[in-house]
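**Student:** So that you have it, the file is work22.cif, and it contains mmCIF, C-alpha atoms:
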```
data_protein
#
loop_
_atom_site.label_atom_id
_atom_site.label_comp_id
_atom_site.auth_asym_id
_atom_site.auth_seq_id
_atom_site.Cartn_x
_atom_site.Cartn_y
_atom_site.Cartn_z
CA VAL K 39 200.52 57.24 0.70
CA PHE K 40 203.45 57.40 3.12
CA ARG K 41 206.50 56.23 1.20
CA ASP K 42 210.28 56.39 1.63
CA ASN K 43 210.20 58.79 4.55
CA SER K 44 212.92 58.71 7.19
CA ALA K 45 213.63 60.14 10.60
CA ASN K 46 216.79 60.29 12.67
CA SER K 47 214.71 59.66 15.77
CA THR K 48 210.94 59.08 15.78
CA GLY K 49 208.06 59.05 13.29
CA GLY K 50 209.51 58.46 9.85
CA ALA K 51 206.18 59.29 8.19
CA LEU K 52 203.71 60.43 10.84
CA CYS K 53 203.78 61.68 14.45
CA PHE K 54 200.64 61.69 16.58
CA ASN K 55 200.56 62.99 20.17
CA ALA K 56 197.42 61.74 21.86
CA GLN K 57 198.44 62.40 25.45
CA GLY K 58 195.37 63.06 27.56
CA SER K 59 192.97 62.30 24.70
CA THR K 60 190.57 59.37 24.30
CA ILE K 61 190.18 59.96 20.56
CA PRO K 62 191.84 57.18 18.55
CA LEU K 63 194.05 57.68 15.52
CA LYS K 64 192.20 56.21 12.55
CA ILE K 65 194.22 54.89 9.62
CA VAL K 66 192.10 53.92 6.60
CA ASN K 67 193.07 53.03 3.02
CA CYS K 68 196.68 53.99 3.64
CA GLU K 69 199.94 52.66 2.28
CA PHE K 70 203.12 52.75 4.38
CA ALA K 71 206.10 51.56 2.36
CA GLY K 72 209.85 51.91 2.71
CA ASN K 73 209.72 54.17 5.75
CA THR K 74 212.60 54.11 8.24
CA ALA K 75 213.42 55.49 11.67
CA ALA K 76 216.70 55.22 13.51
CA SER K 77 214.95 55.03 16.86
CA VAL K 78 211.16 54.76 17.10
CA GLY K 79 208.24 54.61 14.68
CA GLY K 80 209.57 53.77 11.23
CA ALA K 81 206.23 54.70 9.65
CA VAL K 82 204.07 56.03 12.49
CA TRP K 83 204.93 57.22 15.99
CA VAL K 84 202.09 57.69 18.46
CA PHE K 85 202.42 58.90 22.05
CA GLY K 86 199.60 59.03 24.54
CA GLY K 87 199.77 59.09 28.31
CA ALA K 88 202.56 56.57 28.81
CA VAL K 89 206.31 56.20 28.74
CA ILE K 90 207.34 54.95 25.31
CA ASP K 91 209.52 51.87 25.09
CA PRO K 92 212.63 52.68 23.01
CA SER K 93 212.32 49.46 20.97
CA VAL K 94 210.28 50.39 17.94
CA GLY K 95 208.82 49.53 14.59
CA ALA K 96 206.71 51.12 11.93
CA VAL K 97 203.98 52.01 14.42
CA ILE K 98 204.71 52.79 18.06
CA LEU K 99 201.68 53.28 20.23
CA GLY K 100 200.99 54.74 23.62
CA SER K 101 197.27 55.12 22.99
CA ARG K 102 194.56 53.73 20.74
CA VAL K 103 194.90 53.24 16.99
CA VAL K 104 192.28 51.78 14.64
CA CYS K 105 193.66 50.62 11.30
CA ASN K 106 191.51 49.40 8.41
CA ASN K 107 192.32 48.32 4.85
CA SER K 108 195.91 49.52 4.92
CA THR K 109 199.16 48.09 3.59
CA PHE K 110 202.48 48.06 5.45
CA TYR K 111 205.40 47.02 3.28
CA ALA K 112 209.20 47.11 3.77
CA ASN K 113 209.23 49.42 6.79
CA VAL K 114 212.34 49.36 8.97
CA ALA K 115 213.23 50.58 12.44
CA GLY K 116 216.43 50.54 14.42
CA GLY K 117 214.74 48.51 17.16
CA SER K 118 212.09 45.80 16.90
CA GLY K 119 208.70 45.75 15.22
CA GLY K 120 209.27 46.76 11.63
CA ALA K 121 205.54 47.18 10.92
CA VAL K 122 203.88 47.65 14.32
CA TYR K 123 205.26 48.07 17.81
CA LEU K 124 203.18 48.78 20.89
CA GLY K 125 205.01 50.06 23.90
CA SER K 126 204.40 51.95 27.14
CA SER K 127 204.87 51.55 30.86
CA ASP K 128 201.11 51.08 31.25
CA ARG K 129 200.35 48.26 28.80
CA THR K 130 196.62 48.90 28.96
CA SER K 131 197.12 52.29 27.32
CA ALA K 132 198.80 50.81 24.24
CA HIS K 133 196.22 49.42 21.86
CA ILE K 134 195.89 48.73 18.15
CA ASN K 135 192.96 47.17 16.35
CA ALA K 136 193.84 46.29 12.76
CA THR K 137 191.37 44.72 10.31
CA ASN K 138 191.60 43.98 6.58
CA CYS K 139 195.27 44.93 6.49
CA ILE K 140 198.44 43.54 4.90
CA PHE K 141 201.73 43.41 6.82
CA TRP K 142 204.46 42.12 4.52
CA ASN K 143 208.25 42.25 4.12
CA ASN K 144 208.83 44.54 7.08
CA ASP K 145 211.95 43.81 9.11
CA ALA K 146 209.55 42.46 11.75
CA GLU K 147 205.82 42.56 11.26
CA ILE K 148 204.15 43.11 14.63
CA ASP K 149 206.04 43.23 17.93
CA ALA K 150 203.49 42.69 20.65
CA THR K 151 205.38 40.47 23.08
CA ALA K 152 204.42 42.70 25.98
CA THR K 153 201.27 44.25 24.59
CA PRO K 154 198.16 42.14 25.15
CA THR K 155 195.95 44.79 23.58
CA ALA K 156 197.15 44.23 20.02
CA ILE K 157 194.15 42.94 18.09
CA ILE K 158 194.68 41.82 14.51
CA SER K 159 191.78 40.35 12.52
CA THR K 160 191.13 39.29 8.94
CA SER K 161 194.55 40.30 7.66
CA ILE K 162 197.67 38.95 6.00
CA VAL K 163 200.61 38.93 8.40
CA GLU K 164 203.95 37.57 7.28
CA HIS K 165 205.04 34.76 9.64
CA GLY K 166 201.53 34.67 11.10
CA TRP K 167 199.96 36.14 14.21
CA SER K 168 199.46 34.42 17.57
CA GLY K 169 198.20 37.41 19.53
CA GLY K 170 194.70 38.67 20.13
CA GLY K 171 192.15 39.12 17.41
CA GLY K 172 188.97 37.95 15.79
CA GLY K 173 190.47 35.33 13.49
CA GLY K 174 190.94 35.35 9.76
CA VAL K 175 194.68 36.12 9.93
CA PHE K 176 196.86 34.12 7.53
CA ASP K 177 200.41 34.05 6.18
CA ALA K 178 200.46 34.09 2.37
CA ASP K 179 202.35 36.17 -0.15
CA PRO K 180 199.86 38.91 -1.14
CA LEU K 181 201.29 38.90 -4.69
CA PHE K 182 201.59 42.63 -5.20
CA LEU K 183 201.72 43.67 -8.83
CA ASP K 184 205.23 45.14 -8.71
CA ALA K 185 206.50 45.70 -5.18
CA PRO K 186 207.81 48.00 -3.88
CA ALA K 187 206.82 50.41 -6.64
CA ASP K 188 203.25 49.18 -7.15
CA LEU K 189 201.39 47.59 -4.23
CA ARG K 190 198.17 46.89 -6.09
CA LEU K 191 197.05 43.25 -6.06
CA ALA K 192 197.81 40.98 -9.01
CA SER K 193 194.92 38.86 -10.29
CA LEU K 194 195.98 35.74 -8.34
CA SER K 195 196.45 37.52 -5.01
CA PRO K 196 195.05 35.66 -2.00
CA ALA K 197 194.02 39.06 -0.61
CA ILE K 198 191.22 39.43 -3.17
CA ASP K 199 187.73 39.10 -1.67
CA ARG K 200 189.15 37.98 1.71
CA GLY K 201 188.23 40.94 3.91
CA ASP K 202 185.64 41.50 6.61
CA THR K 203 182.98 43.62 4.94
CA PHE K 204 181.28 44.28 8.27
CA ASN K 205 184.39 46.14 9.43
CA ILE K 206 184.73 48.74 6.70
CA PRO K 207 184.88 52.05 8.58
CA ALA K 208 182.41 54.88 8.16
CA ASP K 209 182.84 57.57 5.54
CA TYR K 210 183.74 60.17 8.17
CA PHE K 211 184.72 62.86 5.66
CA ASP K 212 181.95 62.13 3.14
CA LEU K 213 184.40 61.35 0.35
CA ASP K 214 181.65 60.91 -2.24
CA ASP K 215 179.82 64.13 -1.25
CA ASP K 216 176.48 62.44 -0.69
CA THR K 217 176.03 63.82 2.88
CA LEU K 218 175.99 60.24 4.25
CA ALA K 219 178.95 60.20 6.62
CA ALA K 220 177.62 57.10 8.40
CA GLU K 221 177.89 54.89 5.32
CA GLU K 222 180.98 52.75 4.71
CA VAL K 223 184.02 54.27 3.03
CA PRO K 224 183.16 54.16 -0.70
CA PHE K 225 186.65 54.28 -2.22
CA ASP K 226 190.03 52.59 -2.01
CA LEU K 227 193.36 54.41 -2.03
CA LEU K 228 193.14 55.16 -5.76
CA GLY K 229 189.56 56.42 -5.61
CA GLN K 230 188.02 53.26 -7.06
CA GLY K 231 185.04 51.51 -5.50
CA ARG K 232 186.05 50.03 -2.16
CA ARG K 233 183.99 46.88 -2.72
CA PHE K 234 184.27 45.28 -6.13
CA ASP K 235 183.32 41.75 -7.11
CA ALA K 236 186.50 40.57 -8.84
CA TRP K 237 186.75 37.17 -10.49
CA ALA K 238 187.66 35.37 -7.24
CA ASP K 239 184.87 33.25 -5.76
CA ASP K 240 183.50 34.98 -2.69
CA ALA K 241 180.25 33.01 -2.59
CA PRO K 242 180.87 31.54 0.89
CA ILE K 243 181.37 35.03 2.34
CA VAL K 244 178.60 37.54 2.90
CA PRO K 245 177.68 40.23 2.18
CA ALA K 246 179.04 40.28 -1.35
CA PRO K 247 180.86 41.92 -2.95
CA VAL K 248 183.56 41.24 -0.39
CA VAL K 249 186.21 43.85 0.33
CA ASP K 250 189.86 43.05 -0.48
CA LEU K 251 192.65 43.21 2.07
CA GLY K 252 194.99 46.17 2.00
CA ALA K 253 194.73 49.66 0.57
CA HIS K 254 193.88 48.67 -3.01
CA GLU K 255 190.76 46.99 -4.40
CA CYS K 256 191.57 44.65 -7.27
CA ARG K 257 189.29 44.93 -10.30
CA ALA K 258 190.50 41.83 -12.12
CA ALA K 259 187.85 40.56 -14.54
CA CYS K 260 189.47 37.10 -14.69
CA ARG K 261 192.74 35.27 -13.99
CA ALA K 262 194.22 36.58 -17.25
CA ASP K 263 193.70 40.18 -16.13
CA VAL K 264 197.06 40.06 -14.38
CA ASN K 265 197.30 43.76 -13.59
CA GLY K 266 193.75 43.83 -12.20
CA ASP K 267 192.53 46.84 -14.15
CA GLY K 268 189.32 45.20 -15.34
CA LEU K 269 190.53 44.69 -18.93
CA VAL K 270 192.66 42.06 -20.65
CA GLY K 271 195.21 43.01 -23.27
CA LEU K 272 198.80 42.90 -24.38
CA ASP K 273 200.06 44.35 -21.10
CA ASP K 274 198.50 41.43 -19.19
CA LEU K 275 199.94 38.90 -21.64
CA THR K 276 203.39 40.45 -21.25
CA LEU K 277 203.14 40.29 -17.47
CA PHE K 278 202.05 36.65 -17.58
CA ILE K 279 204.94 35.68 -19.84
CA ASN K 280 207.42 37.46 -17.57
CA PHE K 281 206.01 35.91 -14.39
CA PHE K 282 205.70 32.44 -15.93
CA SER K 283 209.26 32.53 -17.30
CA ALA K 284 210.61 33.62 -13.92
CA GLY K 285 208.74 30.91 -11.99
CA ASP K 286 206.83 33.61 -10.14
CA ALA K 287 203.60 32.70 -8.31
CA ARG K 288 201.78 35.45 -10.18
CA GLY K 289 202.15 33.26 -13.29
CA ASP K 290 201.03 30.00 -11.67
CA MET K 291 197.57 30.08 -13.21
CA ASN K 292 196.36 26.76 -11.80
CA GLY K 293 198.03 27.19 -8.41
CA ASP K 294 199.82 23.84 -8.38
CA GLY K 295 203.28 25.26 -7.70
CA ARG K 296 204.58 24.24 -11.14
CA TYR K 297 205.13 26.30 -14.27
CA ASP K 298 204.25 24.23 -17.29
CA LEU K 299 201.89 23.82 -20.23
CA ALA K 300 198.90 23.54 -17.92
CA ASP K 301 199.37 27.16 -16.81
CA ILE K 302 199.55 28.34 -20.42
CA VAL K 303 196.33 26.47 -21.24
CA VAL K 304 194.55 28.06 -18.26
CA TYR K 305 195.82 31.51 -19.18
CA VAL K 306 194.82 31.27 -22.84
CA GLY K 307 191.37 29.98 -21.90
CA SER K 308 190.90 32.76 -19.37
CA PHE K 309 192.19 35.41 -21.75
CA SER K 310 189.92 34.38 -24.62
CA GLY K 311 186.84 34.10 -22.41
CA CYS K 312 187.35 37.10 -20.17
CA ASN K 313 185.62 39.84 -22.17
#
```
Once you've parsed the file, please lay out its structure as structure tokens.
**Tutor:**
Amino acid sequence: VFRDNSANSTGGALCFNAQGSTIPLKIVNCEFAGNTAASVGGAVWVFGGAVIDPSVGAVILGSRVVCNNSTFYANVAGGSGGAVYLGSSDRTSAHINATNCIFWNNDAEIDATATPTAIISTSIVEHGWSGGGGGGVFDADPLFLDAPADLRLASLSPAIDRGDTFNIPADYFDLDDDTLAAEEVPFDLLGQGRRFDAWADDAPIVPAPVVDLGAHECRAACRADVNGDGLVGLDDLTLFINFFSAGDARGDMNGDGRYDLADIVVYVGSFSGCN
């Protein structure tokens, strides 16, 4: 977790100098939230074999970065590109490939106006994405449980079961100590199973269970499991009442954009039938 870091110049959370190297920076199951930089790289600054453009965001790239299942939230830079900025004099050397990620509420999500090698696929990007990629990018509030403090997914999040399971990276550091480094990463940011079949219907997508977008895998047993911990109880009921009373989408149980008796009926039915 890289949170609330700041820099007077570059790399509010992370600096990576890849000059002369062909090895990419790999970002997996990470959370970048509330990071700031006065100049370049609010969350991550990367330099590699090129002159860096002084306009910046949360990620400034001069080389290759691969980003999977990570969440970028509320990052700010003095220049452009609050979540991701690619910049160098040689545009072919600046490259990011992001899959199964969430870019939300940054001062600008992805600045790639002069960077044709930005590839974003199967991710949530606020305000959408018109650059390169493999499809599956959409603009929808990810419905975090309690942003900015808690960036787990609430039970109605559109990020649940929406990822590309074929693009989960390898378990390079053998996190589960089974000597199988070539298998997919087994855990999410909190050490829970990286693929979990939550209540959302992922039948049209294979192979199931489908990975969630972002750094956290939701374990919601049903709609009523608002906090997504796999159990329903008083804490979930309290959250629902608070969200419903505030007209918050996390309390819109039937997804019709209204907050009325129909939502209460759905919630009660889900709550009583969940366990």
**Student:** Please expand the PyMOL selection byres ((chain K and resi 175) around 9) into the concrete residues it hits in this file, giving the result as a PDB file with C-alpha atoms, keeping the file's coordinate frame.
**Tutor:**
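Once written, expr-v9.pdb looks like this:
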```
ATOM      1  CA  ILE K 158     194.680  41.820  14.510  1.00  0.00           C
ATOM      2  CA  SER K 159     191.780  40.350  12.520  1.00  0.00           C
ATOM      3  CA  THR K 160     191.130  39.290   8.940  1.00  0.00           C
ATOM      4  CA  SER K 161     194.550  40.300   7.660  1.00  0.00           C
ATOM      5  CA  ILE K 162     197.670  38.950   6.000  1.00  0.00           C
ATOM      6  CA  VAL K 163     200.610  38.930   8.400  1.00  0.00           C
ATOM      7  CA  GLY K 166     201.530  34.670  11.100  1.00  0.00           C
ATOM      8  CA  TRP K 167     199.960  36.140  14.210  1.00  0.00           C
ATOM      9  CA  GLY K 171     192.150  39.120  17.410  1.00  0.00           C
ATOM     10  CA  GLY K 172     188.970  37.950  15.790  1.00  0.00           C
ATOM     11  CA  GLY K 173     190.470  35.330  13.490  1.00  0.00           C
ATOM     12  CA  GLY K 174     190.940  35.350   9.760  1.00  0.00           C
ATOM     13  CA  PHE K 176     196.860  34.120   7.530  1.00  0.00           C
ATOM     14  CA  ASP K 177     200.410  34.050   6.180  1.00  0.00           C
TER      15      ASP K 177
END
```
**Student:** Using only C-alpha atoms, which residue out of K:Pro180, K:Gly201, K:Gly307, K:Gly116 lies closest to Ala262 of chain K?
**Tutor:** K:Gly307
**Student:** Would you kindly translate the PyMOL selection byres ((chain K and resi 104-107) around 9) into the concrete residues it picks from this file, as a PyMOL selection string?
**Tutor:** chain K and resi 62-68+102-103+108-109+133-140+161+201+205-207+226+249-254
**Student:** Which of these, K:Pro224, K:Asn143, K:Phe70, K:Arg233, has the shortest distance to Phe211 of chain K once you count only C-alpha atoms?
**Tutor:**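 Nearest candidate to Phe211 of chain K out of K:Pro224, K:Asn143, K:Phe70, K:Arg233: K:Pro224.
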**Student:** Kindly give the distance, in Å, that separates atom CA of Tyr297 of chain K and atom CA of Gly311 of chain K, rounded to a single decimal.
**Tutor:**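 Between atom CA of Tyr297 of chain K and atom CA of Gly311 of chain K the gap works out to 21.5 Å.
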**Student:** Find the residue from K:Leu228, K:Ala192, K:Val39, K:Ala115 that sits nearest to Asp286 of chain K; use all atoms listed in the file when measuring.
**Tutor:**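 With all atoms listed in the file as the atom set, the closest residue is K:Ala192.
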**Student:** May I have the residues within 10 Å of segment 279-282 of chain K as number ranges by chain, using only C-alpha atoms and disregarding those fewer than 4 positions away in the same chain?
**Tutor:** K: 264, 274-275, 286-291, 296-298, 301-302
**Student:** Ser308 of chain K: which residues within 9 Å, counting all atoms listed in the file, same-chain residues fewer than 6 positions away excluded, as a PDB file with C-alpha atoms, keeping the file's coordinate frame?
**Tutor:**
```pdb
ATOM      1  CA  CYS K 260     189.470  37.100 -14.690  1.00  0.00           C
ATOM      2  CA  ARG K 261     192.740  35.270 -13.990  1.00  0.00           C
ATOM      3  CA  ALA K 262     194.220  36.580 -17.250  1.00  0.00           C
ATOM      4  CA  ASP K 263     193.700  40.180 -16.130  1.00  0.00           C
TER       5      ASP K 263
END
```
**Student:** Run the PyMOL selection byres ((chain K and resi 222) around 10) on the file and write out the hits as a list in words.
**Tutor:** Thr203, Phe204, Asn205, Ile206, Pro207, Ala208, Asp209, Tyr210, Asp212, Leu218, Ala219, Ala220, Glu221, Val223, Pro224, Phe225, Arg232 and Arg233 of chain K
**Student:** With C-alpha atoms retained, export the selected residues as a PDB file, keeping the file's coordinate frame.
**Tutor:**
```pdb
ATOM      1  CA  THR K 203     182.980  43.620   4.940  1.00  0.00           C
ATOM      2  CA  PHE K 204     181.280  44.280   8.270  1.00  0.00           C
ATOM      3  CA  ASN K 205     184.390  46.140   9.430  1.00  0.00           C
ATOM      4  CA  ILE K 206     184.730  48.740   6.700  1.00  0.00           C
ATOM      5  CA  PRO K 207     184.880  52.050   8.580  1.00  0.00           C
ATOM      6  CA  ALA K 208     182.410  54.880   8.160  1.00  0.00           C
ATOM      7  CA  ASP K 209     182.840  57.570   5.540  1.00  0.00           C
ATOM      8  CA  TYR K 210     183.740  60.170   8.170  1.00  0.00           C
ATOM      9  CA  ASP K 212     181.950  62.130   3.140  1.00  0.00           C
ATOM     10  CA  LEU K 218     175.990  60.240   4.250  1.00  0.00           C
ATOM     11  CA  ALA K 219     178.950  60.200   6.620  1.00  0.00           C
ATOM     12  CA  ALA K 220     177.620  57.100   8.400  1.00  0.00           C
ATOM     13  CA  GLU K 221     177.890  54.890   5.320  1.00  0.00           C
ATOM     14  CA  VAL K 223     184.020  54.270   3.030  1.00  0.00           C
ATOM     15  CA  PRO K 224     183.160  54.160  -0.700  1.00  0.00           C
ATOM     16  CA  PHE K 225     186.650  54.280  -2.220  1.00  0.00           C
ATOM     17  CA  ARG K 232     186.050  50.030  -2.160  1.00  0.00           C
ATOM     18  CA  ARG K 233     183.990  46.880  -2.720  1.00  0.00           C
TER      19      ARG K 233
END
```
**Student:** Between K:Thr217, K:Asn265, K:Ser195, K:Ser47, which is the closest to Gly293 of chain K once you count only C-alpha atoms?
**Tutor:** K:Ser195
**Student:** If you take every atom of segment 206-225 of chain K that the file lists and fit an axis-aligned box around them with 4 Å extra on each side, what centre and edge lengths come out in Å to one decimal, as AutoDock Vina command-line options?
**Tutor:**
```
--center_x 181.3 --center_y 56.4 --center_z 3.2 --size_x 18.7 --size_y 23.4 --size_z 18.8
```
**Student:** Please determine the residues with any atom at most 9 Å from (210.4, 47.9, 1.4) (coordinates as given in the file, with all atoms listed in the file counting) and report them as an MDAnalysis selection string.
**Tutor:** chainID K and resid 42 71:73 110:114 142:145 185:186
**Student:** Grab the atom CA of Asp273 of chain K to atom CA of Cys312 of chain K distance for me, in Å with one decimal place.
**Tutor:**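 Computed distance, atom CA of Asp273 of chain K to atom CA of Cys312 of chain K, equals 14.7 Å.
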**Student:** Which distance in Å separates atom CA of Gly266 of chain K and atom CA of Asp199 of chain K, to one decimal?
**Tutor:**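 So the two atoms, atom CA of Gly266 of chain K and atom CA of Asp199 of chain K, lie 13.0 Å apart.
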**Student:** So which one's closest to Phe278 of chain K, K:Gly170, K:Ala81, K:Ala187, K:Val304? Using all atoms listed in the file, please.
**Tutor:**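 Looking only at the distances to Phe278 of chain K, the closest residue turns out to be K:Val304.
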**Student:** Out of K:Ser77, K:Leu227, K:Asp188, K:Ser193, which residue has the shortest atom-to-atom distance to Asp267 of chain K when counting all atoms listed in the file?
**Tutor:**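 Ranked by minimum distance to Asp267 of chain K, first place goes to K:Ser193.
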**Student:** Show me, as a list in words, the residues that have an atom within 9 Å of Asn46 of chain K when counting all atoms listed in the file, minus same-chain residues fewer than 4 positions from it.
**Tutor:**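 Returned residues: Gly50, Thr74, Ala75, Ala76 and Ser77 of chain K.
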